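Structure, as structure tokens:
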Amino acid sequence: MKALIYEGPKQMRIREVERPEPAEDEVLIRVAYSGICGSELSGYLGHNALRQPPLIFGHEFAGTIESIGERAARQTTLSPGQRVTANPLVTCGLCSYCLAGRQQLCTSRKLLSAALPGSNAEWVKLPARFVYPLPDSISFKQGALAEPLACGVRAAELAAPRPGDRAIVFGLGPIGLFVIQALQVYGVETIYAVDLHRERLDMAEELGAKPIDPKAGDVAAEVRAGGALGVEIAVDAVGSGITRRQCAELTAPGGKVVFTGLHEAESPLPVNVMIRNEITGFGSFAYSAANFETALRLLAEGKAGFPENWLTEAPLEEGAVWYEKLLGNPGKVAKVLLRP
């Protein structure tokens, strides 16, 4: 089969590789679309220890079932030809974290595009229990967005908004934009959105958020206008020292900060401020199975997703070109979807 192979820092090439064969409990999926994730961009640069060459990237995808292992065929209602997406975080299902519904903390977890071959290929396989049928109301393109939306759902779940809470989101890549939508589903009406790129700010404004360009204005002054002490919820979807600090500093006493960006491994924080203001900090990593299912439901109900004009479709052969473009400012592009 044709696959886009990561062969080293900034080296992506189309290769012919052997088509995977599903084991007894697995499903083989013909990929319709495979999204490019920000974590894979860091892997492309050689900055992600979990992604070692040679490797097929891709874990945000949708497609059609090609074949099913014998045990999976007996134990599920999945069938060849069925339109599906999949939770790419393969977990054991037996540990205390999995049994408690916190699958993202499973110490045996394996992610497609890191520990397992990913979806930047004509076919991808994974255990049947992580495969979900797509409702008729969800296109293949929107189905490929279920995974990043689930990340936004998890961040909002940890923030646990209360009536009247205000929020701020730093970083308006796909995760930040989905955090905005997830917070809105929870009932948050006032959400400030911060990014350095005008196109990203425009997208956040289209979603109903209040855009703030830190190059043109004072973020703190706008958040605290009218005597407000800050926001009740701050989400960092960047992962830089500056944005993490700003989240903590702009959170009102008793508020919450959710850290989901992974750009820098270590950052100084105003811990004394957080202590004196009793600010609660959360790390938000990936999502639980329930979060993934919620993301699918929100897509099906039209409560979340990206407009078609925010999605860029490209053939798999142009994948390397798009990895380079996404390292800069690709314009008004929320997600690039590769088509094998």
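Identifiers for the structure tokens are assigned positionally: chains receive A, B, ... in sequence, residues are indexed from 1 per chain, and ligands are indexed from 1 in the order shown.
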
*Name the residues in contact with Met274 (chain A) at a cut-off of 9 Å, using only C-alpha atoms, excluding same-chain residues fewer than 6 positions from it; report them as a PyMOL selection string.*
chain A and resi 248-249+251+253+280-281

Restricting the output to N, CA and C atoms, write the selected residues as a PDB file, in the first residue's frame.
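Output below, filename out.pdb:
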```pdb
ATOM      1  N   ALA A 248      -2.307  31.720  34.451  1.00  0.00           N
ATOM      2  CA  ALA A 248      -2.343  31.774  35.917  1.00  0.00           C
ATOM      3  C   ALA A 248      -2.602  33.190  36.415  1.00  0.00           C
ATOM      4  N   GLU A 249      -1.990  34.165  35.779  1.00  0.00           N
ATOM      5  CA  GLU A 249      -2.111  35.549  36.233  1.00  0.00           C
ATOM      6  C   GLU A 249      -3.484  36.151  35.940  1.00  0.00           C
ATOM      7  N   THR A 251      -6.373  34.464  35.923  1.00  0.00           N
ATOM      8  CA  THR A 251      -7.462  33.710  36.544  1.00  0.00           C
ATOM      9  C   THR A 251      -7.889  34.363  37.852  1.00  0.00           C
ATOM     10  N   PRO A 253      -9.506  34.796  41.636  1.00  0.00           N
ATOM     11  CA  PRO A 253      -9.406  33.944  42.834  1.00  0.00           C
ATOM     12  C   PRO A 253     -10.466  32.837  42.820  1.00  0.00           C
ATOM     13  N   THR A 280      -6.895  26.494  41.017  1.00  0.00           N
ATOM     14  CA  THR A 280      -6.697  25.075  40.757  1.00  0.00           C
ATOM     15  C   THR A 280      -6.118  24.875  39.360  1.00  0.00           C
ATOM     16  N   GLY A 281      -5.048  24.103  39.262  1.00  0.00           N
ATOM     17  CA  GLY A 281      -4.424  23.817  37.969  1.00  0.00           C
ATOM     18  C   GLY A 281      -4.643  22.361  37.568  1.00  0.00           C
TER      19      GLY A 281
END
```

*Which of region 31-109 of chain A fall in strand (DSSP E), as a ChimeraX atom specification*: /A:31-35,55-56,60-68,83-86,89-90

_Residue neighbourhood region 299-303 of chain A, 9 Å, only C-alpha atoms, exclusion window fewer than 3 positions, as a list in words_ =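 Once the adjacent positions are removed, what remains is Leu134, Pro135, Asp136, Ser137, Ile138, Gln142, Gly143, Leu145, Ala146, Leu149, Gln181, Ala182, Val185, Thr294, Ala295 and Leu296 of chain A.
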
*Neighbours of Ser39 (chain A) within 9 Å (only C-alpha atoms; same-chain residues fewer than 5 positions away dropped), as a PyMOL selection string?*
chain A and resi 44+48+262-263

*From the set A:Gly101, A:Pro315, A:Pro80, A:Gly305, which residue has the shortest atom-to-atom contact distance to Gly152 (chain A), counting only C-alpha atoms?*
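Between A:Gly101, A:Pro315, A:Pro80, A:Gly305, the residue approaching Gly152 (chain A) most closely is A:Gly305.
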
*Excluding same-chain residues fewer than 5 positions from Ile56 (chain A), what lies within 6 Å of it counting only C-alpha atoms, as number ranges by chain?*
A: 5, 113, 117-118

Those same residues, written as a PDB file, in the first residue's frame with C-alpha atoms?
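Output (result-v5.pdb):
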```pdb
ATOM      1  CA  ILE A   5       6.648   7.684   6.001  1.00  0.00           C
ATOM      2  CA  SER A 113       1.249   7.488  14.843  1.00  0.00           C
ATOM      3  CA  PRO A 117       1.513   2.724  12.590  1.00  0.00           C
ATOM      4  CA  GLY A 118      -0.863   5.573  11.842  1.00  0.00           C
TER       5      GLY A 118
END
```

Can you check which parts of region 91-190 of chain A lie within 12 Å of region 216-220 of chain A? Per residue, the shortest pair of atoms and distance in Å to one decimal, counting only C-alpha atoms, sorted by chain and number, as a Markdown table.
```
| residue | atom | partner | partner_atom | distance |
| --- | --- | --- | --- | --- |
| A:Ile168 | CA | A:Val219 | CA | 10.0 |
| A:Val169 | CA | A:Val219 | CA | 11.4 |
| A:Phe170 | CA | A:Val219 | CA | 10.6 |
```

*Using backbone DSSP assignments, extract all helix (DSSP H, G or I) residues from region 77-314 of chain A; output them as an MDAnalysis selection string.*
chainID A and resid 96:99 103:105 128:130 140:143 146:159 174:185 198:206 219:223 225:227 241:250 271:276 289:300 308:310

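The space separating CA of Val238 (chain A) from CA of Cys106 (chain A) comes to 24.2 Å.
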
Long-range neighbours of Phe61 (chain A) as a CSV table (one decimal) with C-alpha atoms, in the first residue's frame, 7 Å cut-off, only C-alpha atoms, 5 positions minimum in chain:
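Saved file around-v3.csv follows:
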```csv
chain,number,residue,atom,x,y,z
A,31,VAL,CA,-8.7,5.6,5.1
A,33,TYR,CA,-9.2,11.3,5.3
A,34,SER,CA,-6.3,11.6,7.8
A,35,GLY,CA,-5.7,14.9,9.6
A,85,THR,CA,-13.9,6.6,12.7
A,119,SER,CA,-3.4,6.6,9.3
A,143,GLY,CA,-15.6,12.2,11.3
A,144,ALA,CA,-11.8,12.8,11.1
```

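Counting only C-alpha atoms and comparing A:Arg109, A:Lys215, A:Leu207, A:Val231, the residue that lies closest to Ala167 (chain A) is A:Val231.
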
What are the closest atom pairs, with distances in Å to one decimal, for all residues of region 308-331 of chain A lying within 9 Å of region 12-19 of chain A? Consider only C-alpha atoms, order rows by chain and residue number, and present the result as CSV.
```
residue,atom,partner,partner_atom,distance
A:Leu316,CA,A:Ile14,CA,8.0
A:Glu317,CA,A:Ile14,CA,6.4
A:Gly319,CA,A:Met12,CA,7.8
A:Ala320,CA,A:Met12,CA,5.4
A:Val321,CA,A:Met12,CA,8.9
A:Tyr323,CA,A:Met12,CA,8.7
```

*asked:* Could you check the closest approach to Cys247 (chain A) for each of A:Cys151, A:Ile175, A:Val223, A:Val336 and tell me which residue wins, using only C-alpha atoms?
replied: A:Val223

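Atom to atom, CA of Leu298 (chain A) and CA of Tyr132 (chain A) stand 14.2 Å apart.
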
*Tell me, as a PyMOL selection string, which residues lie within 6 Å of Gly69 (chain A), counting only C-alpha atoms; anything in the same chain fewer than 6 positions away does not count.*
chain A and resi 22-26

*Which one of A:Ser267, A:Asn277, A:Asn272, A:Gln75 sits closest to Leu229 (chain A) if you count only C-alpha atoms?*
A:Asn277

*Would you work out the distance separating CA of Ala234 (chain A) from CA of Val188 (chain A), expressed in Å to one decimal?*
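Distance reported for this atom pair: 12.1 Å.
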
*Which one is closest to Leu172 (chain A): A:Phe285, A:Tyr192, A:Phe140, A:Tyr186? Count only C-alpha atoms.*
A:Tyr192

*Find, counting only C-alpha atoms, the residue in A:Trp310, A:Phe130, A:Trp322, A:Phe178 that gets nearest to Ala289 (chain A).*
A:Phe130
